[in-house]
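Student: Structure file work-v1.tsv, TSV, C-alpha atoms, is pasted below:
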```tsv
chain	number	residue	atom	x	y	z
A	120	MET	CA	0.00	0.00	0.00
A	121	TYR	CA	2.87	2.34	0.85
A	122	ASP	CA	4.51	1.62	-2.51
A	123	LYS	CA	1.27	2.35	-4.37
A	124	LEU	CA	0.82	5.69	-2.58
A	125	ILE	CA	4.36	6.72	-3.53
A	126	LEU	CA	3.61	5.66	-7.12
A	127	VAL	CA	0.50	7.87	-7.17
A	128	LEU	CA	2.52	10.82	-5.85
A	129	LYS	CA	5.15	10.30	-8.54
A	130	GLY	CA	2.38	10.19	-11.14
A	131	VAL	CA	1.00	13.51	-9.87
A	132	ILE	CA	4.43	15.14	-10.16
A	133	ILE	CA	4.98	13.84	-13.70
A	134	GLY	CA	1.43	14.79	-14.71
A	135	VAL	CA	1.97	18.32	-13.44
A	136	ALA	CA	5.43	18.51	-15.06
A	137	ASN	CA	3.97	17.75	-18.48
A	138	ILE	CA	1.81	20.86	-18.18
A	139	ILE	CA	4.70	23.27	-17.64
A	140	PRO	CA	6.53	24.54	-20.75
A	141	GLY	CA	10.24	23.73	-20.54
A	142	VAL	CA	9.84	20.95	-17.97
A	143	SER	CA	10.29	17.38	-19.19
A	144	GLY	CA	8.04	14.71	-17.72
A	145	GLY	CA	10.39	12.06	-19.11
A	146	ALA	CA	13.35	13.63	-17.32
A	147	LEU	CA	11.44	13.58	-14.04
A	148	ALA	CA	10.36	9.98	-14.65
A	149	ILE	CA	14.05	9.08	-14.82
A	150	THR	CA	15.09	11.06	-11.77
A	151	LEU	CA	12.18	9.56	-9.81
A	152	GLY	CA	13.29	6.05	-10.77
A	153	LEU	CA	10.29	5.24	-12.98
A	154	TYR	CA	11.50	5.53	-16.56
A	155	GLU	CA	12.73	1.99	-17.27
A	156	LYS	CA	9.79	0.49	-15.38
A	157	LEU	CA	7.32	2.50	-17.45
A	158	ILE	CA	9.00	1.54	-20.73
A	159	THR	CA	8.98	-2.13	-19.76
A	160	ALA	CA	5.37	-2.01	-18.55
A	161	VAL	CA	4.18	-0.43	-21.80
A	162	ASN	CA	6.09	-2.88	-24.00
A	163	THR	CA	5.07	-5.99	-22.04
A	164	PHE	CA	1.59	-4.83	-21.12
A	165	PHE	CA	-0.27	-7.97	-22.28
A	166	LYS	CA	2.57	-10.41	-21.58
A	167	ASP	CA	2.37	-9.75	-17.83
A	168	PHE	CA	-0.98	-8.01	-17.65
A	169	LYS	CA	-1.64	-8.30	-13.91
A	170	LYS	CA	1.79	-7.05	-12.84
A	171	ASN	CA	1.77	-4.19	-15.34
A	172	ILE	CA	-1.74	-3.05	-14.51
A	173	MET	CA	-0.87	-3.04	-10.79
A	174	PHE	CA	2.00	-0.71	-11.64
A	175	LEU	CA	0.40	1.48	-14.33
A	176	PHE	CA	-3.00	1.94	-12.66
A	177	PRO	CA	-1.86	3.89	-9.56
A	178	PHE	CA	0.67	5.77	-11.66
A	179	GLY	CA	-2.06	6.64	-14.18
A	180	ILE	CA	-4.34	7.86	-11.39
A	181	GLY	CA	-1.57	10.19	-10.24
A	182	VAL	CA	-1.02	11.51	-13.76
A	183	VAL	CA	-4.74	12.18	-14.25
A	184	VAL	CA	-4.93	13.93	-10.88
A	185	GLY	CA	-1.90	15.99	-11.84
A	186	PHE	CA	-3.48	16.94	-15.15
A	187	LEU	CA	-7.05	17.65	-14.09
A	188	LEU	CA	-6.88	18.82	-10.50
A	189	VAL	CA	-3.47	20.47	-10.33
A	190	SER	CA	-3.51	22.08	-13.78
A	191	ARG	CA	-5.42	25.12	-12.49
A	192	LEU	CA	-3.02	25.45	-9.56
A	193	ILE	CA	-0.05	25.27	-11.94
A	194	VAL	CA	-1.58	27.88	-14.26
A	195	PHE	CA	-2.11	30.10	-11.19
A	196	ALA	CA	1.46	29.47	-9.97
A	197	LEU	CA	2.95	30.14	-13.42
A	198	ASP	CA	0.94	33.33	-13.80
A	199	ASN	CA	1.73	34.67	-10.33
A	200	TYR	CA	4.98	32.95	-9.26
A	201	PRO	CA	6.66	31.82	-12.52
A	202	VAL	CA	10.25	31.96	-11.25
A	203	GLN	CA	9.59	30.04	-8.04
A	204	THR	CA	7.51	27.42	-9.89
A	205	ASN	CA	10.17	26.79	-12.53
A	206	VAL	CA	13.03	26.68	-10.01
A	207	PHE	CA	10.99	24.16	-7.98
A	208	PHE	CA	11.00	21.85	-11.00
A	209	VAL	CA	14.72	22.44	-11.55
A	210	GLY	CA	15.18	21.27	-7.97
A	211	LEU	CA	13.14	18.14	-8.74
A	212	ILE	CA	15.38	17.36	-11.71
A	213	LEU	CA	18.63	18.03	-9.81
A	214	GLY	CA	17.44	15.90	-6.89
A	215	GLY	CA	17.22	12.84	-9.11
A	216	LEU	CA	20.42	13.31	-11.12
A	217	PRO	CA	22.56	11.21	-8.70
A	218	ILE	CA	20.43	8.18	-9.62
A	219	LEU	CA	21.29	8.72	-13.28
A	220	PHE	CA	24.99	9.18	-12.66
A	221	ASN	CA	25.03	5.95	-10.65
A	222	LYS	CA	23.77	4.17	-13.77
A	223	VAL	CA	27.00	4.96	-15.64
A	224	LYS	CA	29.47	5.35	-12.76
A	225	SER	CA	31.01	1.92	-13.10
A	226	LYS	CA	30.40	1.53	-16.85
A	227	ASP	CA	32.77	1.98	-19.78
A	228	LYS	CA	33.64	5.68	-20.04
A	229	LYS	CA	34.19	6.00	-23.78
A	230	THR	CA	35.01	9.39	-25.25
A	231	SER	CA	32.20	8.89	-27.76
A	232	ASN	CA	29.67	8.67	-24.91
A	233	PHE	CA	30.79	11.99	-23.47
A	234	LEU	CA	30.63	13.53	-26.96
A	235	ILE	CA	27.03	12.31	-27.36
A	236	LEU	CA	26.15	13.82	-23.97
A	237	LEU	CA	27.77	17.13	-24.93
A	238	LEU	CA	26.09	17.17	-28.36
A	239	ILE	CA	22.62	16.65	-26.89
A	240	VAL	CA	23.14	19.33	-24.23
A	241	THR	CA	24.31	21.72	-26.97
A	242	LEU	CA	21.28	20.96	-29.15
A	243	LEU	CA	18.87	21.55	-26.27
A	244	ILE	CA	20.61	24.80	-25.35
A	245	GLY	CA	20.14	25.76	-29.00
A	246	LEU	CA	16.39	25.30	-28.49
A	247	THR	CA	16.48	28.15	-25.96
A	248	PHE	CA	16.88	30.51	-28.90
A	249	ILE	CA	13.57	29.33	-30.36
A	250	GLU	CA	10.79	31.59	-29.20
A	251	GLY	CA	7.71	29.89	-27.81
A	252	GLY	CA	4.80	30.47	-30.15
A	253	ASN	CA	2.35	33.13	-29.07
A	254	LYS	CA	-0.04	32.04	-31.79
A	255	ALA	CA	-2.78	29.63	-30.87
A	256	VAL	CA	-4.77	27.39	-33.18
A	257	SER	CA	-8.54	27.47	-33.03
A	258	PHE	CA	-10.75	24.43	-32.56
A	259	GLU	CA	-13.72	26.25	-34.09
A	260	SER	CA	-15.08	25.15	-37.50
A	261	MET	CA	-12.63	22.25	-37.83
A	262	VAL	CA	-12.39	20.21	-41.04
A	263	ALA	CA	-10.89	16.77	-41.71
A	264	VAL	CA	-7.34	18.06	-42.18
A	265	ASP	CA	-7.48	19.76	-38.75
A	266	TYR	CA	-8.30	16.46	-37.06
A	267	PHE	CA	-5.42	14.80	-38.92
A	268	LYS	CA	-3.11	17.58	-37.69
A	269	LEU	CA	-4.25	16.84	-34.13
A	270	PHE	CA	-3.37	13.18	-34.68
A	271	ILE	CA	0.15	14.15	-35.84
A	272	VAL	CA	0.52	16.59	-32.94
A	273	GLY	CA	-0.42	13.71	-30.61
A	274	ILE	CA	2.41	11.60	-32.05
A	275	ILE	CA	4.84	14.51	-31.65
A	276	ALA	CA	3.69	14.97	-28.04
A	277	ALA	CA	4.27	11.25	-27.43
A	278	VAL	CA	7.87	11.57	-28.61
A	279	THR	CA	8.45	14.44	-26.17
A	280	ILE	CA	6.90	12.41	-23.35
A	281	VAL	CA	8.98	9.27	-23.91
A	282	VAL	CA	12.27	10.97	-24.84
A	283	PRO	CA	13.54	12.59	-21.62
A	284	GLY	CA	14.68	16.18	-21.58
A	285	ILE	CA	12.31	17.46	-24.26
A	286	SER	CA	9.36	19.45	-22.96
A	287	GLY	CA	6.10	18.41	-24.60
A	288	SER	CA	4.41	21.59	-23.40
A	289	LEU	CA	7.16	23.72	-24.94
A	290	VAL	CA	6.81	21.92	-28.29
A	291	LEU	CA	3.02	22.30	-28.17
A	292	MET	CA	3.47	26.00	-27.40
A	293	ILE	CA	5.75	26.43	-30.43
A	294	LEU	CA	3.14	24.64	-32.59
A	295	GLY	CA	0.34	26.80	-31.17
A	296	TYR	CA	-1.61	23.97	-29.51
A	297	TYR	CA	-0.57	24.50	-25.89
A	298	ARG	CA	-3.08	27.06	-24.60
A	299	PRO	CA	-6.11	25.68	-26.49
A	300	LEU	CA	-5.47	22.14	-25.17
A	301	LEU	CA	-4.70	23.35	-21.64
A	302	GLY	CA	-7.88	25.45	-21.67
A	303	MET	CA	-9.84	22.37	-22.70
A	304	ILE	CA	-8.25	20.29	-19.91
A	305	ASN	CA	-9.11	22.99	-17.37
A	306	SER	CA	-12.71	22.97	-18.60
A	307	LEU	CA	-12.91	19.18	-18.32
A	308	ALA	CA	-11.85	19.43	-14.67
A	309	SER	CA	-15.36	20.89	-14.16
A	310	PHE	CA	-17.05	18.51	-16.61
A	311	TYR	CA	-20.25	18.47	-14.55
A	312	LYS	CA	-20.79	22.12	-15.56
A	313	LEU	CA	-20.53	21.37	-19.27
A	314	SER	CA	-23.41	20.60	-21.59
A	315	PHE	CA	-23.59	17.40	-23.61
A	316	ASN	CA	-22.74	19.29	-26.81
A	317	GLN	CA	-19.64	20.80	-25.19
A	318	LEU	CA	-18.47	17.39	-23.95
A	319	PHE	CA	-19.09	15.90	-27.40
A	320	ASN	CA	-17.12	18.66	-29.13
A	321	TYR	CA	-14.25	18.29	-26.65
A	322	GLY	CA	-14.27	14.55	-27.31
A	323	LEU	CA	-14.03	15.14	-31.08
A	324	VAL	CA	-10.95	17.32	-30.54
A	325	LEU	CA	-9.21	15.16	-27.94
A	326	ALA	CA	-9.86	11.78	-29.62
A	327	PRO	CA	-7.43	12.16	-32.58
A	328	PHE	CA	-4.87	13.81	-30.30
A	329	GLY	CA	-5.22	10.97	-27.79
A	330	ILE	CA	-4.98	8.26	-30.46
A	331	GLY	CA	-1.80	9.82	-31.83
A	332	LEU	CA	-0.43	10.12	-28.30
A	333	VAL	CA	-1.02	6.45	-27.45
A	334	LEU	CA	0.29	5.20	-30.81
A	335	GLY	CA	3.39	7.38	-30.50
A	336	VAL	CA	4.13	6.19	-26.97
A	337	LEU	CA	3.88	2.53	-28.03
A	338	LEU	CA	6.23	3.02	-31.00
A	339	ILE	CA	8.84	5.16	-29.23
A	340	ALA	CA	8.78	2.94	-26.12
A	341	LYS	CA	9.81	-0.01	-28.32
A	342	LEU	CA	12.75	1.99	-29.67
A	343	ILE	CA	13.88	3.10	-26.19
A	344	GLU	CA	13.64	-0.48	-24.89
A	345	TYR	CA	15.81	-1.69	-27.77
A	346	LEU	CA	18.42	1.01	-27.12
A	347	LEU	CA	18.53	0.27	-23.38
A	348	LYS	CA	18.90	-3.45	-24.08
A	349	HIS	CA	21.61	-3.26	-26.75
A	350	HIS	CA	23.32	0.11	-26.07
A	351	GLU	CA	22.60	0.70	-22.38
A	352	THR	CA	25.60	2.85	-21.43
A	353	THR	CA	25.45	5.06	-24.53
A	354	THR	CA	21.69	5.47	-24.08
A	355	TYR	CA	22.11	6.58	-20.48
A	356	TYR	CA	24.77	9.11	-21.46
A	357	ALA	CA	22.32	10.46	-24.04
A	358	ILE	CA	19.56	10.55	-21.43
A	359	ILE	CA	21.80	12.44	-19.00
A	360	GLY	CA	22.46	14.93	-21.80
A	361	PHE	CA	18.71	15.39	-22.33
A	362	VAL	CA	18.11	15.86	-18.60
A	363	ILE	CA	20.92	18.40	-18.15
A	364	GLY	CA	19.82	20.21	-21.30
A	365	SER	CA	16.24	20.41	-20.02
A	366	ILE	CA	17.51	22.42	-17.03
A	367	PHE	CA	18.83	25.07	-19.45
A	368	LEU	CA	15.46	25.10	-21.24
A	369	ILE	CA	13.74	25.91	-17.96
A	370	LEU	CA	16.26	28.43	-16.66
A	371	GLN	CA	16.46	30.46	-19.87
A	372	GLN	CA	12.81	31.44	-19.44
A	373	LEU	CA	13.63	33.05	-16.09
A	374	LEU	CA	15.86	35.69	-17.69
A	375	THR	CA	12.78	37.57	-18.90
A	376	TYR	CA	11.50	38.20	-15.37
A	377	ASN	CA	12.38	40.87	-12.82
A	378	LEU	CA	14.63	38.94	-10.40
A	379	THR	CA	14.41	40.85	-7.12
A	380	ALA	CA	16.12	39.67	-3.95
A	381	ILE	CA	12.85	38.31	-2.55
A	382	VAL	CA	12.12	36.41	-5.78
A	383	ILE	CA	15.64	34.91	-5.85
A	384	ILE	CA	15.58	33.85	-2.18
A	385	SER	CA	12.07	32.37	-2.35
A	386	SER	CA	12.98	30.59	-5.61
A	387	LEU	CA	16.06	29.03	-3.99
A	388	VAL	CA	13.89	27.84	-1.12
A	389	PHE	CA	11.45	26.20	-3.54
A	390	GLY	CA	14.39	24.73	-5.47
A	391	VAL	CA	15.71	23.11	-2.29
A	392	ILE	CA	12.22	21.79	-1.50
A	393	GLY	CA	12.03	20.29	-5.01
A	394	TYR	CA	15.48	18.72	-4.57
A	395	ILE	CA	14.48	17.14	-1.24
A	396	ILE	CA	11.20	15.80	-2.67
A	397	ALA	CA	12.98	14.23	-5.66
A	398	SER	CA	15.66	12.72	-3.45
A	399	PHE	CA	12.97	11.26	-1.19
A	400	LEU	CA	10.74	9.93	-3.97
A	401	GLY	CA	13.69	8.62	-5.97
A	402	GLU	CA	15.41	6.41	-3.41
A	403	GLY	CA	15.01	7.90	0.05
A	404	TRP	CA	11.44	6.67	0.49
A	405	LYS	CA	12.71	3.09	0.36
A	406	ASN	CA	14.92	3.67	3.39
A	407	VAL	CA	12.09	5.36	5.29
A	408	GLY	CA	9.67	2.61	4.33
A	409	SER	CA	12.02	-0.20	5.33
A	410	TYR	CA	12.70	1.52	8.66
A	411	TYR	CA	8.95	1.91	9.24
A	412	PHE	CA	8.18	-1.73	8.54
A	413	ARG	CA	11.14	-2.94	10.64
A	414	TYR	CA	9.86	-0.76	13.49
A	415	CYS	CA	6.33	-2.16	13.14
A	416	SER	CA	7.54	-5.75	12.96
A	417	ARG	CA	9.59	-5.31	16.15
A	418	ASN	CA	6.61	-3.83	17.96
A	419	CYS	CA	4.35	-6.58	16.69
A	420	ARG	CA	6.68	-9.17	18.17
A	421	VAL	CA	6.77	-7.23	21.43
A	422	PHE	CA	2.98	-7.06	21.61
A	423	THR	CA	2.74	-10.76	20.73
A	424	ASN	CA	4.98	-11.67	23.66
A	425	LEU	CA	2.90	-9.65	26.15
```
I need this file expressed as structure tokens, please.
Tutor:
Amino acid sequence: MYDKLILVLKGVIIGVANIIPGVSGGALAITLGLYEKLITAVNTFFKDFKKNIMFLFPFGIGVVVGFLLVSRLIVFALDNYPVQTNVFFVGLILGGLPILFNKVKSKDKKTSNFLILLLIVTLLIGLTFIEGGNKAVSFESMVAVDYFKLFIVGIIAAVTIVVPGISGSLVLMILGYYRPLLGMINSLASFYKLSFNQLFNYGLVLAPFGIGLVLGVLLIAKLIEYLLKHHETTTYYAIIGFVIGSIFLILQQLLTYNLTAIVIISSLVFGVIGYIIASFLGEGWKNVGSYYFRYCSRNCRVFTNL
């Protein structure tokens, strides 16, 4: 039960992360120790259905909660405390980096692996020069080609979800789909207030996007599993490059804000909080959990002897 609760909490964090432009849900999945498990669960879903569903179901609940219930809070936080919110997520990423470095610490340190890491970081830093799109597509008076575009956008979003370090929200913003989709998600959080026609129209928009998203995840997950199986060390160096590069994508947005002393200090506090949370959810919770259960078992024996 304790493990499942932690899994739900991790799902909430990753669900929220996917809403924030510049923040990579895949990067956080890695730093929270979930990435390989998710890839394996998706690729072997029907082979070991019971085990995978017991893992994906609580995680999925967390993601949905993060999307539907926390999306409004995140929009509020980004509108009113953008620097603190983004630094909080930087702290989450930094808090999980030690887990990644442990993956390659004792592995073959080829020069080519370091070059791949450096190349990916450089490419992601290059993305910081791409302005996020202020344009927004309209879901009014859609024709067949618009639904096909949504399907393709869903596949693109899937790539950004599975490949760590690339922010799906940032890509959607550049394409002009971010705010319309986020607005629709926020509306669905209060679905009981919507009319049947509104729900039907939302379903028509989200269906092709969702189909593309699921199909993209399945295809890219297969590729990632192959790379981890046959080129594990090189893949992890590439992943580390994506994760480090994602930090630059987040931080570059902060340069446009007025960084007063209060904003800087409060942001550092939130960054430390994010770091502690990631450290706890990544590995630390196991130590706490094992201590808790050892404590309970000792007390149980004591009470049994009374």
Student: Pick out the closest residue to Leu243 (chain A) from this set: A:Ile363, A:Leu313, A:Val278, A:Val223. Count all atoms listed in the file.
Tutor: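 The answer is A:Ile363, which sits nearest to Leu243 (chain A).
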Student: Write out as a list in words each polymer residue whose atoms come within 6 Å of region 332-335 of chain A, counting all atoms listed in the file; drop sequence neighbours fewer than 6 positions from it.
Tutor: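 The residues satisfying every condition are Gly273, Ile274 and Ala277 of chain A.
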Student: Using all atoms listed in the file, determine which residues lie at most 6 Å from region 126-129 of chain A, disregarding the query and same-chain residues fewer than 3 positions distant; provide the list as a short mmCIF file (atom, residue, chain, number, x, y, z; two decimals) with C-alpha atoms, keeping the file's coordinate frame.
Tutor:
```cif
data_model
loop_
_atom_site.label_atom_id
_atom_site.label_comp_id
_atom_site.auth_asym_id
_atom_site.auth_seq_id
_atom_site.Cartn_x
_atom_site.Cartn_y
_atom_site.Cartn_z
CA LYS A 123 1.27 2.35 -4.37
CA ILE A 132 4.43 15.14 -10.16
CA PRO A 177 -1.86 3.89 -9.56
CA PHE A 178 0.67 5.77 -11.66
CA GLY A 181 -1.57 10.19 -10.24
#
```
Student: Could you build a table of the residues in region 288-375 of chain A lying no more than 8 Å from region 149-159 of chain A, giving for each the nearest pair of atoms and their separation in Å rounded to one decimal place, using all atoms listed in the file, ordered by chain and ascending residue number, as CSV?
Tutor:
```
residue,atom,partner,partner_atom,distance
A:Ala340,CA,A:Ile158,CA,5.6
A:Lys341,CA,A:Ile158,CA,7.8
A:Ile343,CA,A:Ile158,CA,7.5
A:Glu344,CA,A:Ile158,CA,6.6
```
Student: Go ahead and write the residues just picked, C-alpha atoms, as a tab-separated table (two decimals), in the frame of the given file.
Tutor:
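Once written, part_34.tsv looks like this:
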```
chain	number	residue	atom	x	y	z
A	340	ALA	CA	8.78	2.94	-26.12
A	341	LYS	CA	9.81	-0.01	-28.32
A	343	ILE	CA	13.88	3.10	-26.19
A	344	GLU	CA	13.64	-0.48	-24.89
```
Student: For Tyr266 (chain A), which residue among A:Val281, A:Ile383, A:Ile366, A:Ala326 is the nearest when counting all atoms listed in the file?
Tutor: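 Checking each candidate against Tyr266 (chain A), we get A:Ala326 as the closest.
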Student: Using all atoms listed in the file, I'd like a table of the residues in region 276-313 of chain A that come within 12 Å of region 194-209 of chain A; for each, show the closest atom pair and its distance in Å rounded to one decimal, ordered by chain and ascending number, as a Markdown table.
Tutor:
```
| residue | atom | partner | partner_atom | distance |
| --- | --- | --- | --- | --- |
| A:Gly284 | CA | A:Val209 | CA | 11.8 |
| A:Arg298 | CA | A:Val194 | CA | 10.5 |
| A:Leu301 | CA | A:Val194 | CA | 9.2 |
| A:Gly302 | CA | A:Val194 | CA | 10.0 |
| A:Ile304 | CA | A:Val194 | CA | 11.6 |
| A:Asn305 | CA | A:Val194 | CA | 9.5 |
```
Student: Quick one, how far is CA of Ile384 (chain A) from CA of Ile139 (chain A)?
Tutor: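 Between CA of Ile384 (chain A) and CA of Ile139 (chain A) the gap is 21.7 Å.
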Student: Take the point (11.5, 12.9, -5.8) in the file's coordinates, draw a sphere of radius 8 Å around it, and report as a CSV table (one decimal) with C-alpha atoms, keeping the file's coordinate frame every protein, DNA or RNA residue with an atom inside or on it, counting only C-alpha atoms.
Tutor:
```
chain,number,residue,atom,x,y,z
A,129,LYS,CA,5.2,10.3,-8.5
A,150,THR,CA,15.1,11.1,-11.8
A,151,LEU,CA,12.2,9.6,-9.8
A,211,LEU,CA,13.1,18.1,-8.7
A,214,GLY,CA,17.4,15.9,-6.9
A,215,GLY,CA,17.2,12.8,-9.1
A,393,GLY,CA,12.0,20.3,-5.0
A,394,TYR,CA,15.5,18.7,-4.6
A,395,ILE,CA,14.5,17.1,-1.2
A,396,ILE,CA,11.2,15.8,-2.7
A,397,ALA,CA,13.0,14.2,-5.7
A,398,SER,CA,15.7,12.7,-3.4
A,399,PHE,CA,13.0,11.3,-1.2
A,400,LEU,CA,10.7,9.9,-4.0
A,401,GLY,CA,13.7,8.6,-6.0
A,402,GLU,CA,15.4,6.4,-3.4
```
